[in-house]
file protein_19.cif (mmCIF, C-alpha atoms)
data_run
#
loop_
_atom_site.group_PDB
_atom_site.id
_atom_site.type_symbol
_atom_site.label_atom_id
_atom_site.label_comp_id
_atom_site.auth_asym_id
_atom_site.auth_seq_id
_atom_site.Cartn_x
_atom_site.Cartn_y
_atom_site.Cartn_z
ATOM 1 C CA MET M 1 -13.197 -21.704 28.693
ATOM 2 C CA LEU M 2 -13.841 -23.359 25.344
ATOM 3 C CA SER M 3 -16.127 -26.374 25.296
ATOM 4 C CA LYS M 4 -14.762 -29.733 24.169
ATOM 5 C CA GLU M 5 -16.876 -29.460 20.992
ATOM 6 C CA VAL M 6 -15.332 -26.054 20.081
ATOM 7 C CA LYS M 7 -11.816 -27.292 20.829
ATOM 8 C CA SER M 8 -12.416 -30.334 18.658
ATOM 9 C CA ASP M 9 -13.697 -28.189 15.776
ATOM 10 C CA ARG M 10 -10.628 -25.926 15.986
ATOM 11 C CA GLU M 11 -8.268 -28.879 16.054
ATOM 12 C CA ASP M 12 -9.999 -30.299 12.968
ATOM 13 C CA GLU M 13 -9.642 -26.942 11.178
ATOM 14 C CA ILE M 14 -5.936 -26.728 12.029
ATOM 15 C CA MET M 15 -5.277 -30.286 10.860
ATOM 16 C CA SER M 16 -7.213 -29.633 7.640
ATOM 17 C CA PHE M 17 -5.152 -26.465 7.010
ATOM 18 C CA PHE M 18 -1.829 -28.251 7.401
ATOM 19 C CA LYS M 19 -2.975 -31.135 5.210
ATOM 20 C CA ARG M 20 -3.835 -28.659 2.427
ATOM 21 C CA LYS M 21 -0.405 -27.027 2.773
ATOM 22 C CA VAL M 22 1.345 -30.398 2.532
ATOM 23 C CA VAL M 23 -0.613 -31.280 -0.611
ATOM 24 C CA LEU M 24 0.281 -27.951 -2.283
ATOM 25 C CA VAL M 25 3.960 -28.330 -1.425
ATOM 26 C CA SER M 26 3.953 -31.896 -2.746
ATOM 27 C CA LEU M 27 2.378 -30.790 -6.029
ATOM 28 C CA PHE M 28 4.938 -28.001 -6.351
ATOM 29 C CA VAL M 29 7.875 -30.356 -5.836
ATOM 30 C CA LEU M 30 6.503 -32.891 -8.298
ATOM 31 C CA ALA M 31 5.918 -30.227 -10.956
ATOM 32 C CA ILE M 32 9.435 -28.855 -10.671
ATOM 33 C CA SER M 33 10.977 -32.331 -10.674
ATOM 34 C CA ALA M 34 9.201 -33.157 -13.908
ATOM 35 C CA ALA M 35 10.214 -29.946 -15.676
ATOM 36 C CA ALA M 36 13.737 -29.323 -14.441
ATOM 37 C CA ILE M 37 17.208 -30.780 -14.506
ATOM 38 C CA ALA M 38 18.707 -30.824 -11.026
ATOM 39 C CA TYR M 39 22.398 -30.530 -10.337
ATOM 40 C CA ALA M 40 24.000 -31.697 -7.104
ATOM 41 C CA ASN M 41 26.468 -28.843 -6.741
ATOM 42 C CA GLY M 42 25.760 -25.104 -6.541
ATOM 43 C CA GLN M 43 27.526 -22.413 -8.530
ATOM 44 C CA SER M 44 27.744 -19.639 -5.947
ATOM 45 C CA LYS M 45 30.606 -18.730 -3.679
ATOM 46 C CA PRO M 46 31.372 -21.026 -0.726
ATOM 47 C CA ASP M 47 29.865 -18.597 1.823
ATOM 48 C CA VAL M 48 26.417 -19.137 0.282
ATOM 49 C CA PRO M 49 25.301 -22.686 1.213
ATOM 50 C CA ILE M 50 23.311 -23.539 -1.900
ATOM 51 C CA HIS M 51 23.031 -27.301 -2.186
ATOM 52 C CA LYS M 52 21.004 -27.742 -5.348
ATOM 53 C CA VAL M 53 20.603 -25.924 -8.663
ATOM 54 C CA VAL M 54 17.491 -26.432 -10.787
ATOM 55 C CA ASN M 55 17.879 -25.259 -14.380
ATOM 56 C CA LEU M 56 14.857 -24.464 -16.540
ATOM 57 C CA SER M 57 14.880 -23.771 -20.270
ATOM 58 C CA ALA M 58 13.632 -20.284 -21.160
ATOM 59 C CA ASN M 59 14.121 -20.498 -24.940
ATOM 60 C CA SER M 60 15.303 -16.895 -24.902
ATOM 61 C CA LEU M 61 16.745 -14.997 -27.857
ATOM 62 C CA THR M 62 20.542 -15.151 -27.818
ATOM 63 C CA PHE M 63 22.959 -13.010 -29.827
ATOM 64 C CA HIS M 64 26.465 -14.207 -30.636
ATOM 65 C CA GLU M 65 27.702 -11.005 -32.278
ATOM 66 C CA ILE M 66 28.442 -7.864 -30.299
ATOM 67 C CA ASP M 67 27.070 -5.440 -32.913
ATOM 68 C CA LYS M 68 23.688 -7.209 -32.923
ATOM 69 C CA LEU M 69 23.589 -7.329 -29.121
ATOM 70 C CA ASP M 70 24.539 -3.643 -28.927
ATOM 71 C CA ALA M 71 21.764 -2.718 -31.347
ATOM 72 C CA PHE M 72 19.156 -4.764 -29.479
ATOM 73 C CA ALA M 73 20.002 -3.610 -25.929
ATOM 74 C CA GLU M 74 18.324 -0.429 -24.711
ATOM 75 C CA LEU M 75 20.739 0.268 -21.866
ATOM 76 C CA ILE M 76 24.387 -0.794 -21.583
ATOM 77 C CA VAL M 77 26.331 0.072 -18.444
ATOM 78 C CA ILE M 78 29.449 -0.790 -16.520
ATOM 79 C CA GLY M 79 28.325 -1.615 -13.023
ATOM 80 C CA TYR M 80 28.452 -3.983 -10.100
ATOM 81 C CA THR M 81 26.243 -5.278 -7.319
ATOM 82 C CA THR M 82 26.985 -4.507 -3.688
ATOM 83 C CA GLU M 83 25.028 -7.423 -2.228
ATOM 84 C CA ASP M 84 25.704 -11.129 -1.835
ATOM 85 C CA PHE M 85 23.349 -13.282 -3.867
ATOM 86 C CA ARG M 86 21.464 -14.568 -0.825
ATOM 87 C CA ASP M 87 20.802 -11.018 0.408
ATOM 88 C CA ARG M 88 19.061 -9.891 -2.790
ATOM 89 C CA GLU M 89 15.305 -9.849 -3.323
ATOM 90 C CA HIS M 90 14.261 -13.219 -4.756
ATOM 91 C CA VAL M 91 10.846 -13.411 -6.400
ATOM 92 C CA ILE M 92 9.046 -16.676 -7.157
ATOM 93 C CA THR M 93 5.400 -16.817 -8.226
ATOM 94 C CA ALA M 94 3.182 -19.863 -8.529
ATOM 95 C CA PHE M 95 -0.150 -20.850 -10.038
ATOM 96 C CA ASP M 96 -3.087 -21.743 -7.796
ATOM 97 C CA ASP M 97 -2.130 -25.417 -7.877
ATOM 98 C CA GLY M 98 1.385 -24.671 -6.604
ATOM 99 C CA THR M 99 3.179 -25.075 -9.935
ATOM 100 C CA MET M 100 5.934 -22.520 -10.472
ATOM 101 C CA GLN M 101 4.885 -19.673 -12.759
ATOM 102 C CA SER M 102 7.957 -17.441 -12.844
ATOM 103 C CA PHE M 103 11.082 -16.494 -10.937
ATOM 104 C CA HIS M 104 13.726 -13.775 -10.903
ATOM 105 C CA THR M 105 16.015 -11.799 -8.630
ATOM 106 C CA ASN M 106 15.945 -8.042 -8.142
ATOM 107 C CA THR M 107 19.604 -7.027 -8.054
ATOM 108 C CA ASN M 108 20.724 -3.579 -6.949
ATOM 109 C CA ILE M 109 23.714 -2.303 -8.904
ATOM 110 C CA LYS M 110 25.915 0.771 -8.875
ATOM 111 C CA ILE M 111 26.587 2.295 -12.281
ATOM 112 C CA GLU M 112 30.134 3.432 -12.981
ATOM 113 C CA LYS M 113 29.688 4.320 -16.636
ATOM 114 C CA ILE M 114 26.868 4.407 -19.169
ATOM 115 C CA LEU M 115 27.825 3.074 -22.601
ATOM 116 C CA LYS M 116 24.394 3.352 -24.208
ATOM 117 C CA LYS M 117 21.068 4.642 -22.955
ATOM 118 C CA PRO M 118 17.581 5.679 -24.079
ATOM 119 C CA LYS M 119 16.773 9.394 -24.103
ATOM 120 C CA ASP M 120 14.679 9.221 -20.934
ATOM 121 C CA PHE M 121 17.408 7.577 -18.836
ATOM 122 C CA PRO M 122 19.244 10.142 -16.648
ATOM 123 C CA SER M 123 22.886 10.616 -17.631
ATOM 124 C CA ASP M 124 23.914 11.004 -13.989
ATOM 125 C CA GLN M 125 22.048 7.996 -12.575
ATOM 126 C CA ILE M 126 24.360 5.864 -10.427
ATOM 127 C CA LYS M 127 21.958 3.302 -8.926
ATOM 128 C CA LEU M 128 19.598 0.861 -10.602
ATOM 129 C CA THR M 129 17.674 -2.289 -9.747
ATOM 130 C CA ILE M 130 17.869 -4.873 -12.519
ATOM 131 C CA ILE M 131 16.241 -8.263 -13.018
ATOM 132 C CA GLU M 132 18.331 -11.428 -13.293
ATOM 133 C CA PRO M 133 16.870 -14.744 -14.578
ATOM 134 C CA VAL M 134 17.705 -16.621 -11.394
ATOM 135 C CA SER M 135 16.205 -16.952 -7.922
ATOM 136 C CA LEU M 136 16.728 -18.614 -4.576
ATOM 137 C CA GLU M 137 14.369 -20.451 -2.262
ATOM 138 C CA GLY M 138 15.979 -21.890 0.835
ATOM 139 C CA ASP M 139 19.018 -23.848 -0.335
ATOM 140 C CA VAL M 140 17.665 -24.359 -3.871
ATOM 141 C CA LYS M 141 18.639 -22.019 -6.706
ATOM 142 C CA TYR M 142 16.509 -21.802 -9.863
ATOM 143 C CA THR M 143 18.146 -20.612 -13.066
ATOM 144 C CA ALA M 144 17.016 -19.984 -16.636
ATOM 145 C CA ASP M 145 19.251 -21.429 -19.345
ATOM 146 C CA ASP M 146 22.125 -22.055 -16.898
ATOM 147 C CA TYR M 147 22.415 -18.373 -16.034
ATOM 148 C CA VAL M 148 25.042 -17.582 -13.377
ATOM 149 C CA GLU M 149 24.221 -14.617 -11.137
ATOM 150 C CA LEU M 150 26.344 -11.471 -10.870
ATOM 151 C CA GLN M 151 28.976 -11.675 -8.175
ATOM 152 C CA LYS M 152 29.281 -9.035 -5.467
ATOM 153 C CA GLY M 153 31.762 -6.299 -6.364
ATOM 154 C CA ASP M 154 32.523 -7.696 -9.832
ATOM 155 C CA LYS M 155 32.544 -4.737 -12.265
ATOM 156 C CA SER M 156 30.948 -5.885 -15.497
ATOM 157 C CA VAL M 157 29.538 -4.683 -18.799
ATOM 158 C CA LEU M 158 25.780 -5.287 -18.527
ATOM 159 C CA PHE M 159 23.320 -5.428 -21.433
ATOM 160 C CA LEU M 160 19.801 -4.475 -20.371
ATOM 161 C CA MET M 161 16.298 -4.214 -21.784
ATOM 162 C CA LYS M 162 13.172 -2.689 -20.223
ATOM 163 C CA ASN M 163 10.225 -5.063 -19.734
ATOM 164 C CA THR M 164 6.501 -4.281 -19.955
ATOM 165 C CA PHE M 165 6.472 -3.241 -16.285
ATOM 166 C CA GLY M 166 9.188 -0.644 -16.833
ATOM 167 C CA ASP M 167 11.962 -2.636 -15.133
ATOM 168 C CA TYR M 168 15.363 -3.217 -16.703
ATOM 169 C CA GLY M 169 16.402 -6.830 -17.030
ATOM 170 C CA LEU M 170 19.636 -8.460 -18.100
ATOM 171 C CA ILE M 171 19.394 -9.979 -21.593
ATOM 172 C CA ASN M 172 21.304 -12.574 -23.620
ATOM 173 C CA ASP M 173 21.742 -14.967 -20.673
ATOM 174 C CA ASN M 174 25.411 -15.383 -19.687
ATOM 175 C CA LEU M 175 26.416 -13.554 -22.868
ATOM 176 C CA GLY M 176 24.817 -10.408 -21.479
ATOM 177 C CA LYS M 177 27.361 -9.748 -18.717
ATOM 178 C CA PHE M 178 31.122 -9.571 -19.003
ATOM 179 C CA SER M 179 33.462 -8.998 -16.081
ATOM 180 C CA LEU M 180 36.208 -6.412 -16.514
ATOM 181 C CA GLU M 181 38.443 -8.664 -14.422
ATOM 182 C CA GLY M 182 38.532 -11.413 -17.039
ATOM 183 C CA ILE M 183 36.955 -14.824 -17.227
ATOM 184 C CA ASN M 184 36.313 -16.820 -14.092
ATOM 185 C CA ASN M 185 35.148 -20.250 -15.202
ATOM 186 C CA GLN M 186 33.245 -20.789 -11.960
ATOM 187 C CA TYR M 187 31.328 -17.516 -11.895
ATOM 188 C CA SER M 188 31.092 -16.411 -15.546
ATOM 189 C CA LEU M 189 29.625 -19.634 -16.896
ATOM 190 C CA PRO M 190 28.132 -22.836 -15.437
ATOM 191 C CA GLN M 191 30.592 -25.399 -14.106
ATOM 192 C CA SER M 192 29.217 -27.821 -16.701
ATOM 193 C CA SER M 193 30.377 -25.634 -19.618
ATOM 194 C CA THR M 194 32.398 -27.355 -22.322
ATOM 195 C CA VAL M 195 35.791 -26.223 -23.580
ATOM 196 C CA GLN M 196 34.113 -24.942 -26.738
ATOM 197 C CA GLU M 197 31.567 -22.906 -24.757
ATOM 198 C CA LEU M 198 34.336 -21.354 -22.673
ATOM 199 C CA SER M 199 36.272 -20.502 -25.819
ATOM 200 C CA GLU M 200 33.214 -18.921 -27.463
ATOM 201 C CA TYR M 201 32.524 -16.892 -24.316
ATOM 202 C CA GLU M 202 36.109 -15.641 -24.217
ATOM 203 C CA THR M 203 35.953 -14.638 -27.889
ATOM 204 C CA PHE M 204 32.679 -12.795 -27.310
ATOM 205 C CA ARG M 205 34.093 -11.040 -24.249
ATOM 206 C CA ASP M 206 37.147 -9.909 -26.247
ATOM 207 C CA SER M 207 34.854 -8.346 -28.846
ATOM 208 C CA VAL M 208 32.923 -6.535 -26.085
ATOM 209 C CA MET M 209 36.100 -5.164 -24.525
ATOM 210 C CA GLU M 210 37.354 -4.037 -27.931
ATOM 211 C CA LYS M 211 34.086 -2.350 -28.972
ATOM 212 C CA TYR M 212 33.864 -0.225 -25.847
ATOM 213 C CA HIS M 213 37.635 0.342 -25.564
ATOM 214 C CA LEU M 214 37.932 -1.435 -22.231
ATOM 215 C CA ASN M 215 41.152 -3.353 -22.819
#

call {"tool": "encode", "arguments": {"input": "protein_19.cif", "output": "structure tokens"}}
result
Amino acid sequence: MLSKEVKSDREDEIMSFFKRKVVLVSLFVLAISAAAIAYANGQSKPDVPIHKVVNLSANSLTFHEIDKLDAFAELIVIGYTTEDFRDREHVITAFDDGTMQSFHTNTNIKIEKILKKPKDFPSDQIKLTIIEPVSLEGDVKYTADDYVELQKGDKSVLFLMKNTFGDYGLINDNLGKFSLEGINNQYSLPQSSTVQELSEYETFRDSVMEKYHLN
């Protein structure tokens, strides 16, 4: 049996461990609160109980002309994801002090058609894991520049670029994915989008459909 002194030392170690964890979590929450804009309502489908969306500015390069986007993208495909958002692999990294460093989601897609590809990409490849600028932790969703995640089963034109690690990621924020089914204001763009933003998105989508003869 353990002596009272040993038991006491272990209890002190356990208490010290939990106190450190609480401090790190508190620092993390404070850092995110200072840097982000929180929204009360989620943007995913009702079967995914997300209660809060935290949007962070990524200051990413955005194209508003299809020819420029086509020229910049390395891989353009028509594809769709087979998984609900919550079931995908969500990656969030943090600095030593608990402050968020980066986040993304690894989304598995099925490729129905390749519209543009680099020479080393197999012409017959039908599966691919892509990176989306969004992630989920518990009931909190983190997004970059109001990005709305791909919806399960929604066939879309996807504009992709390979990163330094060799992974393909979706580019151009919400203007880098266009559903073949048309525009769904709830899932194509943020709920907070203005009438002008919706109109610009629709115009851009029309130019995408026309360029790749998808009308």

call {"tool": "resolve_selection", "arguments": {"input": "protein_19.cif", "expression": "the PyMOL selection byres ((chain M and resi 114-117) around 9)", "output": "short mmCIF file (atom, residue, chain, number, x, y, z; two decimals) with C-alpha atoms, in the coordinates of the input"}}
result
data_model
loop_
_atom_site.label_atom_id
_atom_site.label_comp_id
_atom_site.auth_asym_id
_atom_site.auth_seq_id
_atom_site.Cartn_x
_atom_site.Cartn_y
_atom_site.Cartn_z
CA ASP M 70 24.54 -3.64 -28.93
CA ALA M 73 20.00 -3.61 -25.93
CA GLU M 74 18.32 -0.43 -24.71
CA LEU M 75 20.74 0.27 -21.87
CA ILE M 76 24.39 -0.79 -21.58
CA VAL M 77 26.33 0.07 -18.44
CA ILE M 78 29.45 -0.79 -16.52
CA GLY M 79 28.32 -1.62 -13.02
CA ILE M 111 26.59 2.30 -12.28
CA GLU M 112 30.13 3.43 -12.98
CA LYS M 113 29.69 4.32 -16.64
CA PRO M 118 17.58 5.68 -24.08
CA LYS M 119 16.77 9.39 -24.10
CA ASP M 120 14.68 9.22 -20.93
CA PHE M 121 17.41 7.58 -18.84
CA PRO M 122 19.24 10.14 -16.65
CA SER M 123 22.89 10.62 -17.63
CA ASP M 124 23.91 11.00 -13.99
CA GLN M 125 22.05 8.00 -12.58
CA VAL M 157 29.54 -4.68 -18.80
CA TYR M 212 33.86 -0.22 -25.85
#

call {"tool": "closest_atom_pairs", "arguments": {"input": "protein_19.cif", "of": "stretch 43-126 of chain M", "to": "stretch 169-182 of chain M", "cutoff": "8 Å", "atoms": "all atoms listed in the file", "output": "Markdown table"}}
result
| residue | atom | partner | partner_atom | distance |
| --- | --- | --- | --- | --- |
| M:Ser60 | CA | M:Asn172 | CA | 7.5 |
| M:Leu61 | CA | M:Asn172 | CA | 6.7 |
| M:Thr62 | CA | M:Asn172 | CA | 5.0 |
| M:Phe63 | CA | M:Asn172 | CA | 6.4 |
| M:His64 | CA | M:Leu175 | CA | 7.8 |
| M:Leu69 | CA | M:Asn172 | CA | 7.9 |
| M:Ala73 | CA | M:Ile171 | CA | 7.7 |

call {"tool": "axis_aligned_box", "arguments": {"input": "protein_19.cif", "around": "stretch 61-72 of chain M", "padding_each_side": "3 Å", "output": "lines of an AutoDock Vina configuration file"}}
result
center_x = 22.6
center_y = -8.9
center_z = -30.4
size_x = 17.7
size_y = 18.4
size_z = 11.1

call {"tool": "atom_distance", "arguments": {"input": "protein_19.cif", "atom1": "atom CA of M:Leu214", "atom2": "atom CA of M:Lys68"}}
result
18.7 Å

call {"tool": "atom_distance", "arguments": {"input": "protein_19.cif", "atom1": "atom CA of M:Asp139", "atom2": "atom CA of M:Arg86"}}
result
9.6 Å

call {"tool": "closest_residue", "arguments": {"input": "protein_19.cif", "among": "M:Glu89, M:Asp96, M:Thr107, M:Ala144", "to": "M:Asn59", "atoms": "all atoms listed in the file"}}
result
M:Ala144

call {"tool": "residues_near_point", "arguments": {"input": "protein_19.cif", "point": "(16.0, -9.2, -13.3)", "cutoff": "10 Å", "atoms": "only C-alpha atoms", "output": "list in words"}}
result
His90, Val91, Phe103, His104, Thr105, Asn106, Thr107, Asn108, Thr129, Ile130, Ile131, Glu132, Pro133, Val134, Ser135, Leu160, Met161, Lys162, Asn163, Asp167, Tyr168, Gly169, Leu170 and Ile171 of chain M

call {"tool": "atom_distance", "arguments": {"input": "protein_19.cif", "atom1": "atom CA of M:Leu150", "atom2": "atom CA of M:Lys211"}}
result
21.7 Å

call {"tool": "closest_atom_pairs", "arguments": {"input": "protein_19.cif", "of": "stretch 65-91 of chain M", "to": "stretch 193-207 of chain M", "cutoff": "10 Å", "atoms": "only C-alpha atoms", "output": "Markdown table"}}
result
| residue | atom | partner | partner_atom | distance |
| --- | --- | --- | --- | --- |
| M:Glu65 | CA | M:Phe204 | CA | 7.3 |
| M:Ile66 | CA | M:Ser207 | CA | 6.6 |
| M:Asp67 | CA | M:Ser207 | CA | 9.3 |

call {"tool": "residues_around", "arguments": {"input": "protein_19.cif", "residues": "M:Lys110", "least_positions_apart": "6", "cutoff": "7 Å", "atoms": "all atoms listed in the file", "output": "list in words"}}
result
Gly79, Tyr80, Thr81, Ile126, Lys127 and Leu128 of chain M

call {"tool": "closest_residue", "arguments": {"input": "protein_19.cif", "among": "M:Leu56, M:Leu136, M:Ile109, M:Asp87", "to": "M:Gly153", "atoms": "only C-alpha atoms"}}
result
M:Ile109

call {"tool": "closest_residue", "arguments": {"input": "protein_19.cif", "among": "M:Ala94, M:Met100, M:Val208, M:Leu189", "to": "M:Glu149", "atoms": "all atoms listed in the file"}}
result
M:Leu189
